[in-house]
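As stored in run05.cif (mmCIF, C-alpha atoms):
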data_coords
loop_
_atom_site.label_atom_id
_atom_site.label_comp_id
_atom_site.auth_asym_id
_atom_site.auth_seq_id
_atom_site.Cartn_x
_atom_site.Cartn_y
_atom_site.Cartn_z
CA MET A 1 157.21 27.93 -11.35
CA ASP A 2 155.09 28.67 -14.30
CA LEU A 3 151.27 28.52 -14.10
CA PRO A 4 150.73 25.11 -15.78
CA LYS A 5 153.08 23.43 -13.40
CA LYS A 6 151.35 25.10 -10.39
CA MET A 7 147.95 23.82 -11.53
CA THR A 8 149.29 20.30 -11.93
CA ALA A 9 150.78 20.40 -8.43
CA LEU A 10 147.50 21.61 -6.90
CA ARG A 11 145.58 18.80 -8.61
CA LEU A 12 148.00 16.22 -7.20
CA LEU A 13 147.64 17.69 -3.68
CA ALA A 14 143.82 17.57 -3.95
CA VAL A 15 143.85 13.93 -5.07
CA CYS A 16 146.21 12.97 -2.26
CA GLY A 17 144.03 14.76 0.30
CA PHE A 18 140.93 12.96 -0.96
CA LEU A 19 142.64 9.60 -0.80
CA ALA A 20 143.85 10.31 2.75
CA VAL A 21 140.37 11.20 3.96
CA ALA A 22 138.83 8.15 2.28
CA GLY A 23 141.41 5.93 3.91
CA SER A 24 140.72 7.30 7.38
CA LEU A 25 136.97 6.76 6.94
CA SER A 26 137.41 3.16 5.77
CA ALA A 27 139.54 2.44 8.82
CA GLN A 28 136.70 3.39 11.24
CA PRO A 29 134.22 0.58 12.19
CA LEU A 30 130.79 0.89 10.74
CA PRO A 31 128.03 1.72 13.24
CA ALA A 32 126.06 -1.27 14.35
CA VAL A 33 122.79 -1.69 12.55
CA ALA A 34 119.90 -1.96 14.95
CA ARG A 35 118.23 -5.32 14.67
CA PRO A 36 114.48 -5.44 14.40
CA ALA A 37 112.83 -5.55 17.78
CA GLU A 38 111.93 -9.05 18.82
CA ALA A 39 108.23 -9.76 18.82
CA ILE A 40 106.78 -9.51 22.30
CA ALA A 41 104.71 -12.49 23.21
CA PRO A 42 101.14 -11.42 23.96
CA GLN A 43 100.31 -11.58 27.63
CA PRO A 44 97.21 -13.57 28.53
CA VAL A 45 94.30 -11.30 29.30
CA SER A 46 92.59 -12.25 32.50
CA ALA A 47 88.85 -12.65 32.26
CA PRO A 48 86.86 -10.02 34.10
CA ALA A 49 85.79 -11.03 37.55
CA PRO A 50 82.21 -12.20 37.66
CA SER A 51 79.79 -9.64 38.94
CA SER A 52 78.97 -10.03 42.60
CA GLN A 53 75.52 -8.76 41.80
CA GLY A 54 73.92 -12.15 41.35
CA SER A 55 70.66 -10.93 42.76
CA ILE A 56 69.05 -7.86 44.22
CA PRO A 57 71.55 -6.78 46.89
CA SER A 58 70.56 -7.90 50.33
CA GLY A 59 70.93 -6.04 53.58
CA ILE A 60 69.64 -2.76 52.19
CA SER A 61 66.20 -1.37 51.62
CA SER A 62 64.24 -2.39 48.56
CA THR A 63 64.28 1.18 47.23
CA ALA A 64 68.06 1.37 47.49
CA ALA A 65 68.45 -2.07 45.90
CA VAL A 66 66.24 -1.14 42.96
CA SER A 67 68.18 2.13 42.55
CA ALA A 68 71.49 0.24 42.45
CA THR A 69 70.43 -2.49 40.03
CA VAL A 70 70.72 -2.11 36.25
CA SER A 71 70.21 -5.70 35.07
CA MET A 72 66.82 -7.37 34.72
CA GLU A 73 68.43 -10.81 34.88
CA VAL A 74 69.18 -10.50 38.61
CA LEU A 75 65.57 -9.79 39.61
CA ASP A 76 63.71 -12.19 41.87
CA ASP A 77 62.05 -14.94 39.87
CA SER A 78 60.88 -17.14 42.74
CA ARG A 79 58.12 -15.34 44.67
CA PRO A 80 54.87 -14.62 42.81
CA LEU A 81 53.23 -11.32 43.63
CA SER A 82 49.79 -11.23 45.20
CA ILE A 83 47.07 -8.69 45.85
CA GLY A 84 48.21 -6.00 48.25
CA ASP A 85 51.92 -6.43 47.56
CA ALA A 86 53.90 -3.24 47.18
CA VAL A 87 56.71 -3.09 44.62
CA ASN A 88 59.35 -0.53 43.72
CA VAL A 89 59.61 0.09 39.98
CA ARG A 90 62.33 1.97 38.08
CA ILE A 91 62.99 2.54 34.39
CA VAL A 92 66.77 2.75 34.07
CA GLU A 93 66.71 4.91 30.94
CA ASP A 94 64.65 7.58 32.73
CA ARG A 95 67.28 8.05 35.45
CA ASP A 96 64.48 8.79 37.90
CA PRO A 97 64.20 7.30 41.40
CA PRO A 98 61.97 4.26 41.91
CA VAL A 99 58.23 4.67 42.42
CA THR A 100 56.28 2.50 44.84
CA LEU A 101 53.18 0.84 43.41
CA GLN A 102 50.67 -1.52 44.98
CA VAL A 103 48.95 -4.52 43.43
CA LYS A 104 45.25 -3.66 43.43
CA ASP A 105 42.40 -5.94 44.43
CA SER A 106 41.92 -6.66 40.72
CA GLY A 107 45.46 -8.07 40.59
CA ASP A 108 46.65 -5.21 38.36
CA LEU A 109 49.34 -2.61 38.82
CA GLU A 110 48.88 0.99 37.66
CA VAL A 111 52.18 1.66 35.88
CA PRO A 112 53.27 5.12 34.67
CA TYR A 113 53.12 5.56 30.86
CA VAL A 114 51.34 2.26 30.16
CA GLY A 115 48.43 2.07 32.61
CA ARG A 116 47.22 -1.22 34.05
CA VAL A 117 49.47 -4.28 33.88
CA ARG A 118 48.59 -7.68 35.29
CA ALA A 119 50.84 -8.32 38.30
CA ALA A 120 49.25 -10.93 40.57
CA GLY A 121 50.79 -14.32 39.91
CA LEU A 122 53.93 -12.89 38.26
CA THR A 123 57.33 -12.76 39.91
CA PRO A 124 59.15 -9.39 40.08
CA ARG A 125 61.23 -10.44 37.06
CA GLY A 126 58.15 -11.56 35.14
CA LEU A 127 56.43 -8.27 35.93
CA ALA A 128 59.50 -6.33 34.82
CA TYR A 129 59.46 -8.03 31.41
CA ALA A 130 55.70 -7.47 31.09
CA ILE A 131 56.18 -3.75 31.71
CA LYS A 132 59.16 -3.70 29.34
CA THR A 133 57.01 -5.15 26.54
CA GLU A 134 54.35 -2.47 27.04
CA LEU A 135 56.89 0.37 27.17
CA GLU A 136 58.65 -0.73 23.99
CA ARG A 137 55.40 -0.67 22.01
CA ASP A 138 55.06 3.10 22.04
CA TYR A 139 57.66 4.84 24.21
CA TYR A 140 61.09 3.19 24.20
CA HIS A 141 63.31 1.49 21.67
CA ASN A 142 64.83 -0.52 24.50
CA ALA A 143 63.60 -0.28 28.09
CA THR A 144 65.32 -1.68 31.17
CA VAL A 145 62.78 -2.14 33.95
CA ILE A 146 63.79 -2.94 37.52
CA VAL A 147 61.15 -4.30 39.91
CA GLY A 148 61.70 -5.21 43.56
CA LEU A 149 59.29 -6.29 46.26
CA ASP A 150 58.99 -3.58 48.90
CA THR A 151 59.77 -5.79 51.88
CA ALA A 152 59.49 -2.89 54.30
CA ARG A 153 55.77 -2.78 53.55
CA GLN A 154 55.18 -6.51 53.69
CA GLN A 155 55.22 -6.76 57.47
CA SER A 156 51.94 -8.08 58.78
CA ALA A 157 49.95 -6.44 61.55
CA GLY A 158 48.55 -9.86 62.45
CA LEU A 159 46.21 -12.57 61.20
CA PHE A 160 42.45 -12.83 60.91
CA TYR A 161 40.37 -15.79 59.83
CA LEU A 162 37.81 -15.91 57.04
CA THR A 163 35.60 -18.92 56.46
CA GLY A 164 32.33 -19.87 54.85
CA MET A 165 30.99 -18.99 51.43
CA VAL A 166 34.01 -17.21 49.88
CA ASN A 167 36.21 -18.43 47.05
CA SER A 168 39.47 -18.52 49.06
CA PRO A 169 38.74 -19.06 52.75
CA GLY A 170 41.47 -19.33 55.36
CA PRO A 171 43.77 -17.21 57.52
CA GLN A 172 44.88 -13.91 56.03
CA GLU A 173 47.41 -11.26 56.98
CA ILE A 174 46.47 -7.72 57.88
CA PRO A 175 48.76 -5.36 55.95
CA THR A 176 50.39 -2.46 57.73
CA TYR A 177 50.01 -0.02 54.86
CA GLU A 178 46.22 0.17 54.56
CA THR A 179 43.02 -0.09 56.54
CA LEU A 180 41.56 -3.51 55.89
CA THR A 181 37.79 -3.84 56.31
CA VAL A 182 35.39 -6.77 56.11
CA SER A 183 34.30 -5.96 52.55
CA LYS A 184 37.91 -5.60 51.36
CA ALA A 185 38.85 -8.88 53.01
CA ILE A 186 36.07 -10.70 51.15
CA LEU A 187 37.16 -9.15 47.85
CA ARG A 188 40.74 -10.25 48.52
CA ALA A 189 39.47 -13.75 49.13
CA GLY A 190 38.08 -13.84 45.61
CA GLY A 191 34.63 -12.56 46.52
CA PHE A 192 31.53 -14.43 47.56
CA SER A 193 30.95 -17.93 46.28
CA ASN A 194 27.59 -19.08 45.00
CA PHE A 195 24.74 -19.07 47.51
CA ALA A 196 26.55 -16.82 50.01
CA ASN A 197 24.35 -14.78 52.33
CA GLN A 198 25.95 -11.43 51.62
CA ARG A 199 23.70 -9.55 54.05
CA LYS A 200 24.55 -11.52 57.18
CA VAL A 201 28.33 -11.74 57.37
CA LYS A 202 29.26 -12.41 60.97
CA LEU A 203 32.37 -10.96 62.62
CA THR A 204 33.41 -12.27 66.02
CA ARG A 205 36.03 -10.44 68.04
CA ALA A 206 37.57 -11.28 71.38
CA GLY A 207 36.96 -8.53 73.89
CA PRO A 208 38.44 -7.72 77.26
CA ASN A 209 37.98 -10.14 80.13
CA GLY A 210 37.48 -13.03 77.69
CA GLN A 211 34.20 -11.73 76.37
CA THR A 212 33.35 -11.84 72.66
CA ASP A 213 31.75 -9.20 70.49
CA THR A 214 29.71 -10.40 67.50
CA ARG A 215 28.49 -8.16 64.69
CA ILE A 216 26.33 -8.86 61.65
CA ILE A 217 27.48 -6.88 58.60
CA ASP A 218 25.46 -6.28 55.44
CA VAL A 219 28.30 -6.50 52.91
CA LYS A 220 25.89 -6.48 49.97
CA GLU A 221 24.73 -3.01 51.03
CA ILE A 222 28.34 -1.84 51.39
CA ILE A 223 29.42 -3.06 47.95
CA GLU A 224 26.33 -2.29 45.90
CA ARG A 225 25.24 0.97 47.53
CA GLY A 226 28.53 2.33 48.78
CA ARG A 227 27.50 2.27 52.45
CA LEU A 228 31.05 2.53 53.77
CA ASP A 229 29.67 3.58 57.15
CA LEU A 230 28.51 0.00 57.62
CA ASP A 231 31.93 -1.49 57.01
CA VAL A 232 34.07 -2.61 59.96
CA GLU A 233 37.84 -2.44 60.24
CA ILE A 234 39.45 -5.82 60.86
CA ARG A 235 41.72 -6.39 63.85
CA PRO A 236 44.13 -9.24 64.59
CA ASN A 237 42.44 -12.53 65.52
CA ASP A 238 39.03 -11.47 64.19
CA PHE A 239 36.90 -14.39 62.95
CA ILE A 240 34.64 -13.76 59.95
CA VAL A 241 32.00 -16.20 58.79
CA VAL A 242 30.07 -15.86 55.53
CA PRO A 243 26.97 -18.05 55.93
CA GLU A 244 25.05 -19.83 53.21
CA ARG A 245 21.60 -18.68 52.15
CA LEU A 246 18.88 -20.92 53.54
CA ILE A 247 16.96 -20.90 50.27
CA ASN A 248 19.07 -21.23 47.14
CA PHE A 249 17.36 -20.60 43.83
#
Same coordinates, now as structure tokens:
Amino acid sequence: MDLPKKMTALRLLAVCGFLAVAGSLSAQPLPAVARPAEAIAPQPVSAPAPSSQGSIPSGISSTAAVSATVSMEVLDDSRPLSIGDAVNVRIVEDRDPPVTLQVKDSGDLEVPYVGRVRAAGLTPRGLAYAIKTELERDYYHNATVIVGLDTARQQSAGLFYLTGMVNSPGPQEIPTYETLTVSKAILRAGGFSNFANQRKVKLTRAGPNGQTDTRIIDVKEIIERGRLDLDVEIRPNDFIVVPERLINF
């Protein structure tokens, strides 16, 4: 076979082979086309459980409660503070443990960074916001202040009775955390009222065997001249009378 005929035969064989392969491919089923994934319905998101910390945690010490609390909204807003109360104070942003402060006879609290802040008459929450306002003036962009009444220091050692020419007479508690004297008790009662005989304050104390011990105390000398040696420590059931001056002018 001459060369032109051989070339023609090879071309025919190539065409036939191509057609055979194409036919076999067309006979095979096309692969299934994946359908778009069906949209998954969004599952309802359950609301977070409400915080159980609705107030300062109970059953633990005040210091521990103040350390564990980070919200000012849960602080006690029912009991006003009074002179002699001890409170635990913490600034959350400082990450320091609480400090224990006492309401002074002036009704103020000496607070770190800001100095004196009026506390008597405010609740722990009210005091916390008062301190927050002072801190944010000069020291903090946003301060979180936690204040809790130190209940461990509120236990009373007993009662004594103050009557006569003072601004707030009546029974008073003897705190366990300080030595309470006659002059301090009168200051806590708002001081002497007009026409009080400050030099003849009478303290009556029940003694053994039913006897009574009566002392006359010159409180004016104690306060004005610093004669602390004349002051007398108060004991439970003491009875203190501040008499009126006989001549008032």
Å distance separating atom CA of A:Tyr113 from atom CA of A:Gly148, one decimal place: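 Computing the Euclidean distance for atom CA of A:Tyr113 and atom CA of A:Gly148 yields 18.7 Å.
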Near stretch 218-231 of chain A, 12 Å: stretch 110-182 of chain A residue rows, closest pairs, all atoms listed in the file, as a tab-separated table:
residue	atom	partner	partner_atom	distance
A:Thr179	CA	A:Asp231	CA	11.2
A:Leu180	CA	A:Asp231	CA	9.9
A:Thr181	CA	A:Asp231	CA	6.4
A:Val182	CA	A:Asp231	CA	6.4
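The smallest atom-to-atom distance between A:Arg215 and any of A:Ala185, A:Val241, A:Leu149, A:Leu75, using all atoms listed in the file, is found for A:Val241.
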Hits of the PyMOL selection byres ((chain A and resi 84) around 9) in this structure, as a PyMOL selection string: chain A and resi 81-83+85-86+102-105+107+154+175+188
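From atom CA of A:Met165 back to atom CA of A:Arg79, the distance works out to 28.2 Å.
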Identify which of the residues A:Leu187, A:Leu203, A:Ala157, A:Leu122 lies closest to A:Ser78, counting all atoms listed in the file when measuring atom-to-atom distances. A:Leu122
Your completed stretch 175-193 of chain A with N, CA and C atoms, as a PDB file, in the coordinates of the input:
ATOM      1  N   PRO A 175      47.618  -6.189  56.359  1.00  0.00           N
ATOM      2  CA  PRO A 175      48.760  -5.360  55.950  1.00  0.00           C
ATOM      3  C   PRO A 175      48.902  -4.136  56.825  1.00  0.00           C
ATOM      4  N   THR A 176      50.134  -3.642  56.892  1.00  0.00           N
ATOM      5  CA  THR A 176      50.390  -2.460  57.730  1.00  0.00           C
ATOM      6  C   THR A 176      50.172  -1.160  56.973  1.00  0.00           C
ATOM      7  N   TYR A 177      50.025  -1.234  55.646  1.00  0.00           N
ATOM      8  CA  TYR A 177      50.010  -0.020  54.860  1.00  0.00           C
ATOM      9  C   TYR A 177      48.616   0.422  54.437  1.00  0.00           C
ATOM     10  N   GLU A 178      47.568  -0.257  54.894  1.00  0.00           N
ATOM     11  CA  GLU A 178      46.220   0.170  54.560  1.00  0.00           C
ATOM     12  C   GLU A 178      45.249  -0.291  55.628  1.00  0.00           C
ATOM     13  N   THR A 179      44.081   0.325  55.624  1.00  0.00           N
ATOM     14  CA  THR A 179      43.020  -0.090  56.540  1.00  0.00           C
ATOM     15  C   THR A 179      42.221  -1.192  55.870  1.00  0.00           C
ATOM     16  N   LEU A 180      42.256  -2.361  56.467  1.00  0.00           N
ATOM     17  CA  LEU A 180      41.560  -3.510  55.890  1.00  0.00           C
ATOM     18  C   LEU A 180      40.209  -3.654  56.584  1.00  0.00           C
ATOM     19  N   THR A 181      39.143  -3.693  55.779  1.00  0.00           N
ATOM     20  CA  THR A 181      37.790  -3.840  56.310  1.00  0.00           C
ATOM     21  C   THR A 181      37.209  -5.186  55.889  1.00  0.00           C
ATOM     22  N   VAL A 182      36.030  -5.492  56.408  1.00  0.00           N
ATOM     23  CA  VAL A 182      35.390  -6.770  56.110  1.00  0.00           C
ATOM     24  C   VAL A 182      35.117  -6.910  54.610  1.00  0.00           C
ATOM     25  N   SER A 183      34.597  -5.862  53.984  1.00  0.00           N
ATOM     26  CA  SER A 183      34.300  -5.960  52.550  1.00  0.00           C
ATOM     27  C   SER A 183      35.571  -6.134  51.728  1.00  0.00           C
ATOM     28  N   LYS A 184      36.644  -5.449  52.084  1.00  0.00           N
ATOM     29  CA  LYS A 184      37.910  -5.600  51.360  1.00  0.00           C
ATOM     30  C   LYS A 184      38.467  -7.011  51.535  1.00  0.00           C
ATOM     31  N   ALA A 185      38.337  -7.539  52.756  1.00  0.00           N
ATOM     32  CA  ALA A 185      38.850  -8.880  53.010  1.00  0.00           C
ATOM     33  C   ALA A 185      38.142  -9.910  52.147  1.00  0.00           C
ATOM     34  N   ILE A 186      36.827  -9.751  51.985  1.00  0.00           N
ATOM     35  CA  ILE A 186      36.070 -10.700  51.150  1.00  0.00           C
ATOM     36  C   ILE A 186      36.474 -10.567  49.694  1.00  0.00           C
ATOM     37  N   LEU A 187      36.704  -9.343  49.227  1.00  0.00           N
ATOM     38  CA  LEU A 187      37.160  -9.150  47.850  1.00  0.00           C
ATOM     39  C   LEU A 187      38.529  -9.781  47.640  1.00  0.00           C
ATOM     40  N   ARG A 188      39.410  -9.642  48.622  1.00  0.00           N
ATOM     41  CA  ARG A 188      40.740 -10.250  48.520  1.00  0.00           C
ATOM     42  C   ARG A 188      40.664 -11.764  48.498  1.00  0.00           C
ATOM     43  N   ALA A 189      39.639 -12.304  49.111  1.00  0.00           N
ATOM     44  CA  ALA A 189      39.470 -13.750  49.130  1.00  0.00           C
ATOM     45  C   ALA A 189      38.778 -14.255  47.874  1.00  0.00           C
ATOM     46  N   GLY A 190      38.682 -13.430  46.861  1.00  0.00           N
ATOM     47  CA  GLY A 190      38.080 -13.840  45.610  1.00  0.00           C
ATOM     48  C   GLY A 190      36.595 -13.565  45.519  1.00  0.00           C
ATOM     49  N   GLY A 191      36.044 -12.891  46.539  1.00  0.00           N
ATOM     50  CA  GLY A 191      34.630 -12.560  46.520  1.00  0.00           C
ATOM     51  C   GLY A 191      33.772 -13.688  47.072  1.00  0.00           C
ATOM     52  N   PHE A 192      32.485 -13.422  47.075  1.00  0.00           N
ATOM     53  CA  PHE A 192      31.530 -14.430  47.560  1.00  0.00           C
ATOM     54  C   PHE A 192      31.450 -15.603  46.581  1.00  0.00           C
ATOM     55  N   SER A 193      31.253 -16.776  47.127  1.00  0.00           N
ATOM     56  CA  SER A 193      30.950 -17.930  46.280  1.00  0.00           C
ATOM     57  C   SER A 193      29.437 -18.004  46.082  1.00  0.00           C
TER      58      SER A 193
END
